[in-house]
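Below is one structure, written out as structure tokens; comments come after it.
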There are 2 protein chains.
Amino acid sequence: MTGTTIGILGGMGPAASVHFQKRLVDLTPAESDADHPPTVMWSDPQLPDRVAALRGSGASPVPGLRRGAEIIRSAGADIVAVPCNTVHPFLDDALGAGGYVDMIGEAARIVASHGITRAAVLATAATLEDGMYERALAAHGVEATHPDDQQAVLDIIAAVKAGGDVEALRARLFAVITHALAGASDGVLVACTELSVLMADAPMPDVVDALDELARETLRRAGIDPA
Amino acid sequence: MTGTTIGILGGMGPAASVHFQKRLVDLTPAESDADHPPTVMWSDPQLPDRVAALRGSGASPVPGLRRGAEIIRSAGADIVAVPCNTVHPFLDDALGAGGYVDMIGEAARIVASHGITRAAVLATAATLEDGMYERALAAHGVEATHPDDQQAVLDIIAAVKAGGDVEALRARLFAVITHALAGASDGVLVACTELSVLMADAPMPDVVDALDELARETLRRAGIDPA
């Protein structure tokens with residue numbers, strides 16, 4: 001049992017937000033309901049598009065994020081997790097530095113801890129253009145690389161958002177991962193939560209899933225030792 | 001796009017509450033994030049045990065349910081769904097009659113609409129003892145039956161709450177379903193949301209999943225025609 005309430009700003013996208021909650025449940029060692037932490041989630045799928053905003057061509061998601069944060073904090077959230085990589089550069093402004101669990105920094109730390117030196121970052125074009133993972137990985141001495149077929153990555157992300165068949169999309173994602181590992185990269189960082197939805201339960205030591213690391217760090221901050 | 005916010009009182013149990021959200025996403029016809037409704041969820045896995053409360057031997061979940069409802073209504077919830085069958089008899093008291101989407105009544109309506117006349121109700125012992133489904137089904141001229149191996153049902157529910165292997169538990173649940181349909185029942189009603197977690201995506205005309213019907217009715221009330 002824990003007295004810490006986990007807050008989630010979700011909906012970016014909706015499937016990823018459900019998957020994040022599933023991973024929180026999966027990674028919590030529990031014999032019964034009461035072993036799980038209280039959780040509050042606000043999901044606003046109508047938040048302005050993060051890709052456009054990060055490129056400076058669309059409305060800012062910051063007001064919507066602030067509103068969501070107010071809702072979950074009023075409900076008692078002690079920790080705020082935002083299961084969307086692309087939106088992370090807006091979070092200092094929206095939630096205050098240190099006001100959320102930093103998925104980008106945590107994922108980069110775990111990549112380095114796995115001994116990976118060149119990580120292929122699978123992400124939206126906006127996440128790559130921003131360079132958020134390039135910087136976070138460099139801080140740990142890890143070089144960020146791009147997959148050969150970035151278009152395939154974008155197509156898979158869009159298909160997940162459109163409710164495409166998970167098994168077929170998983171096969172396409174695993175082809176991208178296998179190709180990256182067969183090339184110049186000795187690791188893969190799954191850095192878009194829509195891609196995380198497709199990851200299998202079986203752990204792969206060369207592949208780090210940012211969403212899973214966000215879930216683990218969120219649980220640790222709630223006083224739970226994740227499975 | 002919808003202006004209606006869906007509210008969920010979850011955590012009973014946590015896996016079921018995630019699965020309910022997954023079904024909301026799956027059943028929403030969507031091409032992009034913005035086609036999904038805003039959703040707010042409060043999950044309190046530490047709510048007093050509903051089985052004990054329904055048997056009159058434990059603390060009431062009503063104060064906790066009221067607190068959760070207050071949280072999600074303050075956040076803007078226009079509709080309240082509670083993905084737990086066993087707790088339903090407490091909801092009139094906690095949320096007011098008509099203040100929530102009635103999973104029991106909706107599931108019974110769908111069972112009758114499938115032409116089922118004798119439905120094996122797979123549920124917790126407390127749900128069966130209360131007779132909530134017996135009454136709801138009788139109102140539609142459907143007879144409620146019990147599976148031969150009620151202990152297997154209870155074991156599966158407990159195993160889901162303890163994070164057991166989904167594939168193995170699904171096989172056990174399907175054995176119970178197959179046995180019921182081979183006997184005196186011409187339909188099965190999956191009436192515990194922990195069992196719903198194990199249901200496959202493929203529709204089975206003789207099997208009605210109460211959680212799925214709650215998801216569909218919730219979406220309809222949000223102005224969405226479910227898939």
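Here, A, B, ... name the chains of the structure tokens in the order displayed, residue numbers run from 1 inside each chain, and ligands are numbered from 1 in the same displayed order.
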TODO: Give the residues of chain A that lie within 7 Å of chain B; count only C-alpha atoms, and format the answer as a list in words.
DONE: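 Taking only C-alpha atoms into account, Gly13, Pro14, Ala15, Val18, Gln21, Lys22, Val25, Asp26, Ala30, Glu31, Ser32, Asp33, Ala34, His36, Pro37, Pro38, Thr39, Val40, Met41, Trp42, Ser43, Asp44, Pro45, Gln46, Ile71, Ala75, Lys161, Ala162 and Gly163 of chain A sit within 7 Å of chain B.
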Could you pull out the helix (DSSP H, G or I) residues of stretch 55-172 of chain B from DSSP and send them as a compact mmCIF listing (two decimals) with N, CA, C and O atoms, in the first residue's frame?
# COMPACT_ATOMS: atom_id res chain seq x y z
N VAL B 62 -19.08 3.36 -0.05
CA VAL B 62 -19.83 4.55 -0.47
C VAL B 62 -19.06 5.86 -0.24
O VAL B 62 -18.98 6.69 -1.17
N PRO B 63 -18.47 6.09 0.95
CA PRO B 63 -17.75 7.36 1.12
C PRO B 63 -16.62 7.53 0.10
O PRO B 63 -16.45 8.62 -0.46
N GLY B 64 -15.88 6.47 -0.16
CA GLY B 64 -14.79 6.54 -1.14
C GLY B 64 -15.30 6.79 -2.55
O GLY B 64 -14.69 7.54 -3.32
N LEU B 65 -16.42 6.16 -2.88
CA LEU B 65 -17.02 6.39 -4.21
C LEU B 65 -17.49 7.84 -4.35
O LEU B 65 -17.31 8.46 -5.40
N ARG B 66 -18.06 8.36 -3.28
CA ARG B 66 -18.53 9.77 -3.33
C ARG B 66 -17.36 10.72 -3.52
O ARG B 66 -17.44 11.68 -4.29
N ARG B 67 -16.27 10.43 -2.81
CA ARG B 67 -15.09 11.29 -2.93
C ARG B 67 -14.55 11.23 -4.37
O ARG B 67 -14.23 12.25 -4.98
N GLY B 68 -14.48 10.02 -4.93
CA GLY B 68 -14.02 9.86 -6.31
C GLY B 68 -14.92 10.60 -7.29
O GLY B 68 -14.45 11.26 -8.22
N ALA B 69 -16.24 10.49 -7.07
CA ALA B 69 -17.19 11.15 -7.97
C ALA B 69 -17.02 12.66 -7.92
O ALA B 69 -17.09 13.35 -8.94
N GLU B 70 -16.77 13.17 -6.71
CA GLU B 70 -16.57 14.61 -6.54
C GLU B 70 -15.33 15.05 -7.34
O GLU B 70 -15.35 16.08 -8.03
N ILE B 71 -14.28 14.25 -7.26
CA ILE B 71 -13.04 14.57 -7.98
C ILE B 71 -13.28 14.63 -9.48
O ILE B 71 -12.92 15.60 -10.15
N ILE B 72 -13.93 13.60 -10.02
CA ILE B 72 -14.06 13.58 -11.48
C ILE B 72 -15.11 14.56 -11.97
O ILE B 72 -14.99 15.11 -13.06
N ARG B 73 -16.14 14.83 -11.15
CA ARG B 73 -17.12 15.84 -11.57
C ARG B 73 -16.49 17.24 -11.52
O ARG B 73 -16.75 18.06 -12.40
N SER B 74 -15.67 17.50 -10.50
CA SER B 74 -14.96 18.80 -10.46
C SER B 74 -14.09 18.97 -11.69
O SER B 74 -13.87 20.08 -12.17
N HIS B 88 -21.82 -2.26 -8.14
CA HIS B 88 -23.01 -1.56 -8.67
C HIS B 88 -24.16 -1.36 -7.67
O HIS B 88 -24.78 -0.29 -7.69
N PRO B 89 -24.46 -2.32 -6.80
CA PRO B 89 -25.56 -2.07 -5.85
C PRO B 89 -25.33 -0.87 -4.93
O PRO B 89 -26.27 -0.36 -4.33
N PHE B 90 -24.09 -0.40 -4.82
CA PHE B 90 -23.80 0.76 -3.97
C PHE B 90 -23.94 2.09 -4.72
O PHE B 90 -23.85 3.17 -4.12
N LEU B 91 -24.10 2.03 -6.04
CA LEU B 91 -23.95 3.26 -6.83
C LEU B 91 -25.14 4.21 -6.71
O LEU B 91 -24.95 5.43 -6.76
N ASP B 92 -26.36 3.68 -6.56
CA ASP B 92 -27.50 4.59 -6.36
C ASP B 92 -27.24 5.47 -5.14
O ASP B 92 -27.46 6.69 -5.17
N ASP B 93 -26.76 4.82 -4.07
CA ASP B 93 -26.49 5.55 -2.83
C ASP B 93 -25.32 6.53 -3.02
O ASP B 93 -25.40 7.70 -2.61
N ALA B 94 -24.27 6.08 -3.66
CA ALA B 94 -23.06 6.90 -3.76
C ALA B 94 -23.19 8.01 -4.79
O ALA B 94 -22.68 9.12 -4.59
N LEU B 95 -23.83 7.71 -5.92
CA LEU B 95 -23.82 8.65 -7.06
C LEU B 95 -25.20 9.19 -7.39
O LEU B 95 -25.33 10.08 -8.24
N MET B 103 -24.10 -0.54 -15.74
CA MET B 103 -23.53 -1.70 -16.46
C MET B 103 -24.43 -2.92 -16.36
O MET B 103 -24.55 -3.68 -17.33
N ILE B 104 -25.07 -3.11 -15.21
CA ILE B 104 -25.88 -4.32 -14.99
C ILE B 104 -27.09 -4.32 -15.93
O ILE B 104 -27.35 -5.29 -16.65
N GLY B 105 -27.82 -3.21 -15.94
CA GLY B 105 -29.00 -3.12 -16.78
C GLY B 105 -28.66 -3.18 -18.26
O GLY B 105 -29.36 -3.83 -19.05
N GLU B 106 -27.57 -2.55 -18.63
CA GLU B 106 -27.16 -2.51 -20.04
C GLU B 106 -26.73 -3.91 -20.51
O GLU B 106 -27.11 -4.35 -21.59
N ALA B 107 -25.96 -4.60 -19.67
CA ALA B 107 -25.50 -5.95 -20.05
C ALA B 107 -26.70 -6.88 -20.19
O ALA B 107 -26.77 -7.68 -21.14
N ALA B 108 -27.67 -6.79 -19.27
CA ALA B 108 -28.85 -7.67 -19.33
C ALA B 108 -29.65 -7.39 -20.60
O ALA B 108 -30.13 -8.32 -21.27
N ARG B 109 -29.77 -6.11 -20.95
CA ARG B 109 -30.49 -5.74 -22.17
C ARG B 109 -29.84 -6.36 -23.41
O ARG B 109 -30.53 -6.89 -24.30
N ILE B 110 -28.51 -6.31 -23.44
CA ILE B 110 -27.80 -6.85 -24.61
C ILE B 110 -27.91 -8.38 -24.66
O ILE B 110 -28.07 -8.97 -25.73
N VAL B 111 -27.85 -9.05 -23.50
CA VAL B 111 -28.02 -10.51 -23.46
C VAL B 111 -29.36 -10.88 -24.12
O VAL B 111 -29.42 -11.75 -25.01
N ALA B 112 -30.43 -10.19 -23.71
CA ALA B 112 -31.76 -10.48 -24.27
C ALA B 112 -31.79 -10.19 -25.77
O ALA B 112 -32.37 -10.95 -26.55
N SER B 113 -31.14 -9.11 -26.19
CA SER B 113 -31.16 -8.73 -27.60
C SER B 113 -30.43 -9.75 -28.48
O SER B 113 -30.64 -9.80 -29.68
N ALA B 125 -18.68 -14.29 -6.07
CA ALA B 125 -19.71 -14.90 -5.24
C ALA B 125 -20.67 -13.82 -4.72
O ALA B 125 -21.88 -14.02 -4.68
N ALA B 126 -20.13 -12.65 -4.38
CA ALA B 126 -20.97 -11.58 -3.84
C ALA B 126 -21.96 -11.08 -4.88
O ALA B 126 -23.13 -10.80 -4.57
N THR B 127 -21.54 -10.96 -6.13
CA THR B 127 -22.44 -10.53 -7.21
C THR B 127 -23.57 -11.54 -7.37
O THR B 127 -24.75 -11.17 -7.52
N LEU B 128 -23.22 -12.83 -7.33
CA LEU B 128 -24.25 -13.87 -7.49
C LEU B 128 -25.21 -13.87 -6.30
O LEU B 128 -26.43 -13.93 -6.46
N GLU B 129 -24.65 -13.80 -5.08
CA GLU B 129 -25.49 -13.82 -3.87
C GLU B 129 -26.45 -12.62 -3.85
O GLU B 129 -27.60 -12.74 -3.45
N ASP B 130 -25.97 -11.48 -4.28
CA ASP B 130 -26.81 -10.29 -4.30
C ASP B 130 -27.99 -10.46 -5.25
O ASP B 130 -29.07 -9.92 -5.02
N MET B 132 -28.09 -9.35 -8.36
CA MET B 132 -28.28 -8.17 -9.23
C MET B 132 -28.53 -8.57 -10.68
O MET B 132 -29.39 -8.01 -11.36
N TYR B 133 -27.78 -9.56 -11.17
CA TYR B 133 -27.98 -9.98 -12.57
C TYR B 133 -29.20 -10.87 -12.73
O TYR B 133 -29.86 -10.84 -13.77
N GLU B 134 -29.51 -11.67 -11.71
CA GLU B 134 -30.70 -12.51 -11.75
C GLU B 134 -31.93 -11.61 -11.99
O GLU B 134 -32.76 -11.88 -12.86
N ARG B 135 -32.00 -10.51 -11.22
CA ARG B 135 -33.13 -9.59 -11.35
C ARG B 135 -33.11 -8.86 -12.69
O ARG B 135 -34.13 -8.75 -13.37
N ALA B 136 -31.93 -8.37 -13.06
CA ALA B 136 -31.84 -7.58 -14.31
C ALA B 136 -32.17 -8.45 -15.53
O ALA B 136 -32.85 -8.00 -16.45
N LEU B 137 -31.69 -9.69 -15.51
CA LEU B 137 -31.98 -10.59 -16.63
C LEU B 137 -33.45 -10.99 -16.64
O LEU B 137 -34.09 -11.04 -17.70
N ALA B 138 -34.01 -11.26 -15.45
CA ALA B 138 -35.42 -11.66 -15.35
C ALA B 138 -36.32 -10.57 -15.93
O ALA B 138 -37.36 -10.87 -16.56
N GLN B 150 -17.96 -22.88 -10.12
CA GLN B 150 -17.87 -21.50 -9.65
C GLN B 150 -16.50 -21.24 -9.01
O GLN B 150 -15.96 -20.13 -9.10
N GLN B 151 -15.93 -22.27 -8.38
CA GLN B 151 -14.62 -22.08 -7.73
C GLN B 151 -13.55 -21.70 -8.77
O GLN B 151 -12.69 -20.87 -8.49
N ALA B 152 -13.65 -22.28 -9.96
CA ALA B 152 -12.68 -21.94 -11.02
C ALA B 152 -12.80 -20.45 -11.37
O ALA B 152 -11.80 -19.76 -11.56
N VAL B 153 -14.04 -19.96 -11.42
CA VAL B 153 -14.26 -18.53 -11.74
C VAL B 153 -13.60 -17.66 -10.67
O VAL B 153 -12.88 -16.70 -10.99
N LEU B 154 -13.83 -18.02 -9.40
CA LEU B 154 -13.25 -17.21 -8.31
C LEU B 154 -11.72 -17.26 -8.34
O LEU B 154 -11.06 -16.24 -8.11
N ASP B 155 -11.17 -18.43 -8.64
CA ASP B 155 -9.71 -18.56 -8.71
C ASP B 155 -9.14 -17.68 -9.82
O ASP B 155 -8.08 -17.05 -9.65
N ILE B 156 -9.83 -17.65 -10.95
CA ILE B 156 -9.34 -16.85 -12.09
C ILE B 156 -9.38 -15.36 -11.72
O ILE B 156 -8.43 -14.62 -11.99
N ILE B 157 -10.46 -14.92 -11.10
CA ILE B 157 -10.58 -13.51 -10.71
C ILE B 157 -9.44 -13.12 -9.76
O ILE B 157 -8.77 -12.09 -9.96
N ALA B 158 -9.19 -13.96 -8.75
CA ALA B 158 -8.12 -13.67 -7.79
C ALA B 158 -6.76 -13.63 -8.49
O ALA B 158 -5.91 -12.79 -8.19
N ALA B 159 -6.56 -14.53 -9.46
CA ALA B 159 -5.28 -14.59 -10.17
C ALA B 159 -5.06 -13.34 -11.03
O ALA B 159 -3.94 -12.83 -11.13
N VAL B 160 -6.13 -12.82 -11.62
CA VAL B 160 -6.00 -11.58 -12.40
C VAL B 160 -5.60 -10.44 -11.47
O VAL B 160 -4.69 -9.65 -11.78
N LYS B 161 -6.23 -10.36 -10.31
CA LYS B 161 -5.91 -9.29 -9.36
C LYS B 161 -4.46 -9.42 -8.86
O LYS B 161 -3.83 -8.42 -8.50
N VAL B 166 -1.78 -13.78 -18.31
CA VAL B 166 -3.05 -13.58 -19.01
C VAL B 166 -3.39 -14.74 -19.94
O VAL B 166 -4.53 -15.21 -19.97
N GLU B 167 -2.40 -15.23 -20.69
CA GLU B 167 -2.69 -16.31 -21.65
C GLU B 167 -3.20 -17.57 -20.96
O GLU B 167 -4.16 -18.20 -21.39
N ALA B 168 -2.53 -17.94 -19.87
CA ALA B 168 -2.92 -19.15 -19.14
C ALA B 168 -4.32 -18.98 -18.52
O ALA B 168 -5.15 -19.89 -18.57
N LEU B 169 -4.57 -17.79 -17.97
CA LEU B 169 -5.86 -17.54 -17.33
C LEU B 169 -6.97 -17.47 -18.38
O LEU B 169 -8.10 -17.91 -18.14
N ARG B 170 -6.64 -16.93 -19.55
CA ARG B 170 -7.63 -16.87 -20.63
C ARG B 170 -8.07 -18.28 -21.03
O ARG B 170 -9.25 -18.56 -21.23
N ALA B 171 -7.10 -19.18 -21.11
CA ALA B 171 -7.42 -20.58 -21.46
C ALA B 171 -8.36 -21.18 -20.42
O ALA B 171 -9.32 -21.89 -20.77
N ARG B 172 -8.11 -20.90 -19.14
CA ARG B 172 -8.98 -21.44 -18.09
C ARG B 172 -10.38 -20.85 -18.18
O ARG B 172 -11.38 -21.56 -18.03
- [ ] Figure out the distance between atom CA of A:Ser196 and atom CA of A:Pro61, please, to one decimal in Å.
- [x] 22.0 Å
